[in-house]
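A.B. asks: Supplied in structure tokens, the structure appears directly below.
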Amino acid sequence: MHESVLVYRGFRFLKIAVLLGIVAIIAYAVDQPLGVPNGGTWLGYTLGTIGALLILWLMWFGMRKRRYYGGANKLQGWLSAHVYLGLALIVVATLHTGFQFGWNLHTLAYALMILVIVSGVFGIYAYARYPRLMTENRHGKTSEQLLRDIAELDEEARSAALTLGDEINAVVLEAANKTKIGGGLGRMLSGEDRNCPTARGLVRVEELAASASGKEATQIRRLAGILSRKNELLRQARRDVRFLALMQIWLYIHVPISFALLAALIAHVIAVFFYW
Amino acid sequence: MTEQYAVAIVGSGPGGMSAAGRAAANGVSHVLFEKSDHLSDTIYKYQKGKLVMATPDNLPLRSEYEFSLGIREDILGSWDKTTETLGVNVRYNSEVTGITGQKGDFTITLNSGDTVKAEHVIFAIGLQGNLRKLGVPGEDESGLVQYQLDDPDEYEAEDILVVGAGDAAIENAVALAKQNRVTIINRRDEFARAKEGNLALISTAIQRGDLNCIYSASPVKVENGALTLSTPDGEIDVKCDRVIARLGAVAPRKFVESCGIVFPSKDATALPEVSSTYESNVPGLYIIGALGGYPLIKQAMNQGYEAIEFIAGNMIKPADEPLLEENFKILQGMSVAEVLDMIRANVPIYSELNPLLLREMMLEASLHRPKDGEVVFARNDYTNSFFTVVEGEVLIEVDPSDPSVVVRLGQGEFFGEMGLISGRRRTATVKAGRNATLLEVPRRTMIKLVNSVESVKRVLDRTAIIRQVQTHMAPSVPTEDLIELVDTAEINSFKQGQALFEEGQAGDSVHLIRRGSVTVSRRIGGSDIVLSYVASGNYVGEMAFLSDAPRSATVRAAIDNTETIRMDGAAFKALLDKSPTLSAAMQARARGFAVQNERMAQSRDASGIIEFLVKQGAGEATDILLIDESLCVRCDNCEKACAETHGGINRLNREAGPTYAELHVPTSCRHCEHPHCMKDCPPDAIHRAQNGEVYIDDSCIGCGNCEMNCPYDVIRLSAAPPKKPGLLSWMLFGLGSGPGQDPKAKGKGAKQAVKCDMCKDIPGGASCVRACPTGAAIRVSPEEFMSIAALARQ
């Protein structure tokens, strides 16, 4: 009963997008303009108009997404159309250029558009790949539960360390207070912390365990067990952050650049009509 | 010489006392007999400091005596004073042992041997002289059980069990809980019989942990300082120092009958019939108060006053008359009494209700005069009221594919009981015939009636069973041919996980599920593999008879309070032999199942999904929000949409809730078939809309009962948050907190319960589903989702 955006209603919007692309290509092949193909021929204007309207409509998605009373259509249908028609835009807009590129405003608009589409393609990839990995990684826990479990292990580690030496207590305290999940962009996207105080602490505790003996050794080994469990949970939590970041990061390119594209598009249209 | 009075009144409870007071005020010669040495023994025996309620609130009081909500002591004090001022002729310590004679010349014999003559007698003895007992072994010998509680402060630090779910039980339990460990034992799964104030009281007490409650439990025996209870989980022994049984009271039948009064049925709870002037079948002998079916103080007081007026020939109208008149306006030209008589005469299910109970029901009910052909309710509606045909007829369209196939129900028959029992959609469309007058009783009133009047339950069950069997099992078989099978039918109730029957057993019965749902499973490779989910309105267990083989699978209840109509195997087999069409249809159905079962047995995933969903309570859901986590991008647009479309308060928690494989059940309302939240809602603010949405209206008083009763934690108490600026103001100027619930906003005003209403007022349906960009969130009926075909596609 669940249906992904890509297969929505039996690939309805894929079919429409392919049709649009084919019609555009045939028209381009058949058309015999005076001079070289470019945006100024009747076909060029037609494709340009279609492209511009498509861009406006695609950008309307941002509004539609937030209009929660928005009619009987599901947002899913809009996204499916957004994806496929956005991809069709590559064909329409490229044919509109007549393959005339240069260091000018017009090509800037084109380049921005391609950037937006490429970031969108990454979005499709991220949406297809990461939700499943995220679920697998969480093992049925919510992120809140994950953090709570980590905090509990910190408590456990601290009480386990009470009877042990100062150094171990310092290590455990640092692991509890200085360990971070996420942080900078790099850390979020990599899903790891090369200098994780807990991981460092674990190494140190294991070293100390080797030199200890008797009851103390048992207690240190217990502590090592706790820290290694925490390490595992941290790995899980960081991967969780990573997947979430990957599913969101592209939007920070996709959306602002589409606004830049809109500005460039307006400038392009004005330039074409007023200064040609 | 024997004393002679115009009116003798037996019993000085609120009813008798009020009658005597009116007689005194009117200057009618009267005598009031009271067997104890004080007035109103029942109320006298109320626990000290008890708050006495004055329900029904909307009924005006009509008496020489005052009465309003107050403390026991104040009320008794005021009554004593009024009795003195009026100069009521009371004879204390006088128990009436016999009444003979007829109107104008009754002879009343007292325990002292004296006799008194009276022209009229008013019987106001109540029921409390004849308390209902537990009726289990050991109740008398153990010395543990008592049926009264005078002063709860007498006991301290004891383990006390209070048995019962009525007002007395609740009040006793709550009062005792102050300094004892109290457990209240309720035979049913809700407190349906109690007054609203007491409902709130007991709910809060249970919620706060002041006392424990064991639901669906009935006493089996008292032994060794413990009460043994039969619960759906099996028998348990509960140790205690004291058992206080408050099971209400029954009429002192022998004595009443010895006075010539006739009871309408042999039911233990039956009460004598009285006319609209409270006169019994013995002319001149009047019955008022609890013995006449009215246990409420205010009603009894009104009746005492009215009885004296009736005897004087002054035909005043009852106090609730204006309310009923308003209710009956649709039947122009008929008086209230005529309407009530017509209902009693025309509608057998209500014919054993005495006029007073009928009046009470009619205050909640409504009468309809639909036009010829007008739809009363449509197939698949979720309405759950109960209808009877008072006059005319209705047409039931039983075949969804052919509206011309109709069953006619004539005067006196009822319909709508299937929805009431199953909590599911209406199974057929009902249209009004010519000149139909219909009586609609709301779900809550009907449940109360079914639970408290045995004759109503009996009549309802019997007819419902025939109809359910005909609708869901044997539509092609005429009713006559079903009688033999239906005669073997009994209603069985199951707890979640309890087996209806097990694989390998010999088949001895067929079950039609009439409430709840079941799973079918088979042992494969040492573990139980769930093969299918079967919702109510389907039958199981027929395969053993079609193939003459032992049970091929185990069938278990998917949810608590699953009810089946269990029918005898031999009678079922006889029916199959008699009806080849039915047999062929069942064979075909069974073959389909066999193929599906084989497929399911191969697919552990699908089996696991059913098992998981059933464990999450999907077995009682009508519509459940399910998220496919392989599609969910965790954008929380569902939550934002929910908040945005519901005044800024989100009613769903996407992340919380369990996940199996990639299927996630978020914390969100499932719109249960028998909504737990609807139990014990004092203002009756929770309703089911036509499409099944369970919603809370503005009359919510914020008591929190529903929040506490919901096993799925989907109801919260919340105050309305301040208004947020529009979307563009946020987008362009950064005003407000953006879409979704404002985490910082603090609501103002009184809190009310909020829950999912499935966006019933928004076109397009649930906004969480509409707003999901990836199609991860869907709302489905579990039946649909767990169908084999749907699971195969997953």
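All residue names refer to the structure tokens as shown: chains lettered A, B, ... in order, residues numbered from 1 in each chain, ligands numbered from 1 in order.
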Give as a ChimeraX atom specification every residue of chain B that touches chain A within 6 Å, counting only C-alpha atoms.
C.D. replies: /B:630,632-633,641,659,764,770-771,773-775
A.B. asks: Hey, what does DSSP flag as helix (DSSP H, G or I) within region 27-85 of chain B? Can you give it to me as a PyMOL selection string?
C.D. replies: chain B and resi 41-44+72-85
A.B. asks: Expressed in Å to a single decimal, how great is the separation between CA of Lys15 (chain A) and CA of Leu89 (chain A)?
C.D. replies: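 So the answer is 14.0 Å.
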A.B. asks: Contacts of region 18-35 of chain B at 10 Å or less, counting only C-alpha atoms, minus same-chain residues fewer than 4 places along, as a PyMOL selection string?
C.D. replies: chain B and resi 3-14+39-41+62-66+79+82-96+110-111+116+118-122+124-125+288+300-309+312
A.B. asks: List the spatial neighbours of His96 (chain A) as a VMD selection string - criterion: any atom at most 6 Å away, only C-alpha atoms, same-chain residues fewer than 3 positions off excluded.
C.D. replies: chain A and resid 39 44 47 to 48 93
A.B. asks: Those residues you just picked out, can you put them in a file as a JSON list (two decimals), in the first residue's frame with N, CA and C atoms?
C.D. replies:
```json
[["chain", "number", "residue", "atom", "x", "y", "z"],
["A", 39, "GLY", "N", 17.92, 30.62, -28.84],
["A", 39, "GLY", "CA", 16.74, 30.97, -28.04],
["A", 39, "GLY", "C", 15.84, 31.96, -28.74],
["A", 44, "GLY", "N", 12.74, 28.37, -30.09],
["A", 44, "GLY", "CA", 13.53, 28.81, -28.92],
["A", 44, "GLY", "C", 12.65, 29.53, -27.92],
["A", 47, "LEU", "N", 10.25, 26.91, -26.29],
["A", 47, "LEU", "CA", 10.94, 26.11, -25.27],
["A", 47, "LEU", "C", 11.31, 26.96, -24.06],
["A", 48, "GLY", "N", 11.74, 28.18, -24.32],
["A", 48, "GLY", "CA", 12.11, 29.10, -23.23],
["A", 48, "GLY", "C", 10.91, 29.39, -22.34],
["A", 93, "ALA", "N", 15.41, 23.00, -21.45],
["A", 93, "ALA", "CA", 16.25, 24.20, -21.35],
["A", 93, "ALA", "C", 17.49, 24.07, -22.23]]
```
A.B. asks: Distance CA of Leu357 (chain B)-CA of Leu199 (chain B), one decimal place?
C.D. replies: 20.9 Å
A.B. asks: Would you mind listing what lies within 9 Å of Ala81 (chain A) as a list in words, with only C-alpha atoms counted and same-chain residues fewer than 6 positions away left out?
C.D. replies: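 What passes the distance filter is Val5, Arg12, Phe13, Leu14, Ile16, Ala17 and Leu58 of chain A.
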A.B. asks: Quick check for you: according to DSSP on this backbone, which residues of region 226-280 of chain B are classed as strand (DSSP E)? Reply as number ranges by chain.
C.D. replies: B: 226-231, 234-239, 242-245
A.B. asks: For Val220 (chain B), work out the shell of residues within 9 Å, counting only C-alpha atoms and skipping chain neighbours fewer than 3 positions away, then give it as a VMD selection string.
C.D. replies: chain B and resid 134 to 137 227 to 230 235
A.B. asks: Any chance you can output those residues with all heavy atoms as a compact mmCIF listing (two decimals), in the first residue's frame?
C.D. replies:
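Output file out-v9.txt is given in full below:
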```
# COMPACT_ATOMS: atom_id res chain seq x y z
N LEU B 134 -23.32 -11.81 46.89
CA LEU B 134 -22.32 -12.30 45.93
C LEU B 134 -22.76 -13.61 45.30
O LEU B 134 -22.52 -13.85 44.12
CB LEU B 134 -20.98 -12.52 46.63
CG LEU B 134 -20.12 -11.31 46.92
CD1 LEU B 134 -18.89 -11.75 47.69
CD2 LEU B 134 -19.70 -10.61 45.65
N GLY B 135 -23.39 -14.46 46.13
CA GLY B 135 -23.85 -15.74 45.63
C GLY B 135 -22.71 -16.69 45.30
O GLY B 135 -22.78 -17.45 44.33
N VAL B 136 -21.63 -16.65 46.08
CA VAL B 136 -20.51 -17.58 45.85
C VAL B 136 -20.25 -18.35 47.14
O VAL B 136 -20.60 -17.89 48.22
CB VAL B 136 -19.23 -16.83 45.41
CG1 VAL B 136 -19.47 -16.09 44.13
CG2 VAL B 136 -18.74 -15.88 46.50
N PRO B 137 -19.64 -19.54 47.04
CA PRO B 137 -19.37 -20.32 48.25
C PRO B 137 -18.49 -19.55 49.23
O PRO B 137 -17.54 -18.88 48.79
CB PRO B 137 -18.65 -21.57 47.73
CG PRO B 137 -18.82 -21.57 46.25
CD PRO B 137 -19.21 -20.21 45.82
N LEU B 227 -10.33 -13.65 48.29
CA LEU B 227 -11.44 -13.74 47.36
C LEU B 227 -10.87 -14.25 46.04
O LEU B 227 -9.90 -13.70 45.53
CB LEU B 227 -12.07 -12.36 47.18
CG LEU B 227 -13.24 -12.26 46.18
CD1 LEU B 227 -14.46 -13.01 46.68
CD2 LEU B 227 -13.61 -10.80 45.96
N THR B 228 -11.45 -15.30 45.51
CA THR B 228 -10.99 -15.82 44.22
C THR B 228 -11.80 -15.16 43.12
O THR B 228 -13.02 -15.10 43.20
CB THR B 228 -11.17 -17.34 44.16
OG1 THR B 228 -10.53 -17.90 45.30
CG2 THR B 228 -10.56 -17.91 42.90
N LEU B 229 -11.08 -14.64 42.14
CA LEU B 229 -11.74 -13.95 41.04
C LEU B 229 -11.50 -14.68 39.74
O LEU B 229 -10.40 -15.19 39.51
CB LEU B 229 -11.17 -12.53 40.89
CG LEU B 229 -11.41 -11.57 42.04
CD1 LEU B 229 -10.61 -10.31 41.80
CD2 LEU B 229 -12.88 -11.25 42.16
N SER B 230 -12.53 -14.72 38.91
CA SER B 230 -12.34 -15.24 37.56
C SER B 230 -12.09 -14.04 36.66
O SER B 230 -12.92 -13.15 36.55
CB SER B 230 -13.59 -15.99 37.13
OG SER B 230 -13.65 -16.03 35.74
N GLU B 235 -8.08 -17.65 36.88
CA GLU B 235 -8.50 -17.35 38.24
C GLU B 235 -7.34 -16.80 39.06
O GLU B 235 -6.22 -17.26 38.94
CB GLU B 235 -9.03 -18.63 38.91
CG GLU B 235 -10.39 -19.02 38.36
CD GLU B 235 -11.15 -19.98 39.25
OE1 GLU B 235 -10.60 -20.41 40.29
OE2 GLU B 235 -12.30 -20.28 38.92
```
A.B. asks: Just the number, please: distance in Å from CA of Gly214 (chain A) to CA of Leu233 (chain A), one decimal.
C.D. replies: 29.3 Å
A.B. asks: If we count only C-alpha atoms and set the cut-off at 9 Å, which residues sit around Ile649 (chain B), ignoring sequence neighbours fewer than 2 positions away in its own chain? Please answer as a PyMOL selection string.
C.D. replies: chain B and resi 642-647+651+718+720-721+740-742+754
A.B. asks: How would the residues just picked look written out with all heavy atoms as a short mmCIF file (atom, residue, chain, number, x, y, z; two decimals), in the first residue's frame?
C.D. replies:
```
data_model
loop_
_atom_site.label_atom_id
_atom_site.label_comp_id
_atom_site.auth_asym_id
_atom_site.auth_seq_id
_atom_site.Cartn_x
_atom_site.Cartn_y
_atom_site.Cartn_z
N CYS B 642 -0.20 18.51 10.89
CA CYS B 642 -1.18 18.25 11.94
C CYS B 642 -1.36 19.49 12.80
O CYS B 642 -2.48 19.93 13.06
CB CYS B 642 -0.73 17.07 12.79
SG CYS B 642 -1.93 16.60 14.04
N ALA B 643 -0.25 20.07 13.22
CA ALA B 643 -0.34 21.26 14.06
C ALA B 643 -0.99 22.42 13.30
O ALA B 643 -1.86 23.11 13.83
CB ALA B 643 1.05 21.66 14.55
N GLU B 644 -0.58 22.60 12.04
CA GLU B 644 -1.09 23.73 11.26
C GLU B 644 -2.59 23.64 11.02
O GLU B 644 -3.27 24.64 10.93
CB GLU B 644 -0.36 23.81 9.92
CG GLU B 644 1.06 24.31 10.03
CD GLU B 644 1.13 25.77 10.47
OE1 GLU B 644 0.41 26.59 9.89
OE2 GLU B 644 1.89 26.06 11.41
N THR B 645 -3.09 22.42 10.90
CA THR B 645 -4.52 22.28 10.62
C THR B 645 -5.35 22.12 11.90
O THR B 645 -6.55 21.96 11.83
CB THR B 645 -4.79 21.08 9.69
OG1 THR B 645 -4.09 19.95 10.20
CG2 THR B 645 -4.33 21.36 8.28
N HIS B 646 -4.68 22.14 13.05
CA HIS B 646 -5.43 21.97 14.30
C HIS B 646 -5.06 23.04 15.31
O HIS B 646 -4.66 22.73 16.43
CB HIS B 646 -5.20 20.58 14.89
CG HIS B 646 -5.79 19.49 14.07
ND1 HIS B 646 -5.07 18.81 13.13
CD2 HIS B 646 -7.03 18.97 14.04
CE1 HIS B 646 -5.86 17.91 12.56
NE2 HIS B 646 -7.04 17.99 13.08
N GLY B 647 -5.15 24.27 14.89
CA GLY B 647 -4.95 25.38 15.81
C GLY B 647 -3.61 25.37 16.51
O GLY B 647 -3.50 25.81 17.65
N ARG B 651 -1.09 16.50 17.05
CA ARG B 651 -1.70 15.35 17.74
C ARG B 651 -1.03 14.03 17.38
O ARG B 651 -1.62 12.97 17.51
CB ARG B 651 -3.18 15.24 17.35
CG ARG B 651 -4.02 16.32 17.94
CD ARG B 651 -4.60 17.21 16.88
NE ARG B 651 -4.98 18.50 17.44
CZ ARG B 651 -6.18 18.78 17.88
NH1 ARG B 651 -7.12 17.89 17.78
NH2 ARG B 651 -6.46 19.95 18.39
N SER B 718 -4.44 19.99 26.63
CA SER B 718 -3.69 21.13 26.17
C SER B 718 -4.58 22.36 26.11
O SER B 718 -5.77 22.26 25.82
CB SER B 718 -3.13 20.82 24.78
OG SER B 718 -2.41 21.90 24.32
N ALA B 720 -5.38 26.10 24.38
CA ALA B 720 -5.23 26.64 23.03
C ALA B 720 -4.03 27.57 22.97
O ALA B 720 -3.93 28.48 23.79
CB ALA B 720 -6.49 27.37 22.62
N PRO B 721 -3.11 27.37 22.02
CA PRO B 721 -1.95 28.25 21.92
C PRO B 721 -2.32 29.58 21.25
O PRO B 721 -3.36 29.65 20.60
CB PRO B 721 -0.99 27.46 21.02
CG PRO B 721 -1.87 26.61 20.18
CD PRO B 721 -3.12 26.35 20.97
N GLY B 740 4.21 24.16 11.82
CA GLY B 740 4.29 23.18 12.90
C GLY B 740 3.96 23.80 14.24
O GLY B 740 3.64 24.98 14.33
N GLN B 741 4.07 22.97 15.25
CA GLN B 741 3.74 23.44 16.59
C GLN B 741 4.84 24.34 17.11
O GLN B 741 6.01 24.02 17.00
CB GLN B 741 3.57 22.23 17.51
CG GLN B 741 3.07 22.59 18.87
CD GLN B 741 2.58 21.35 19.63
OE1 GLN B 741 2.27 20.33 19.04
NE2 GLN B 741 2.52 21.46 20.93
N ASP B 742 4.45 25.47 17.67
CA ASP B 742 5.43 26.39 18.22
C ASP B 742 5.91 25.83 19.56
O ASP B 742 5.14 25.75 20.51
CB ASP B 742 4.77 27.76 18.42
CG ASP B 742 5.75 28.79 18.91
OD1 ASP B 742 6.90 28.39 19.26
OD2 ASP B 742 5.40 29.98 18.95
N VAL B 754 -7.10 16.91 23.58
CA VAL B 754 -6.97 16.99 22.13
C VAL B 754 -6.50 15.63 21.60
O VAL B 754 -5.68 14.96 22.20
CB VAL B 754 -5.97 18.08 21.67
CG1 VAL B 754 -6.52 19.45 21.93
CG2 VAL B 754 -4.63 17.91 22.32
#
```
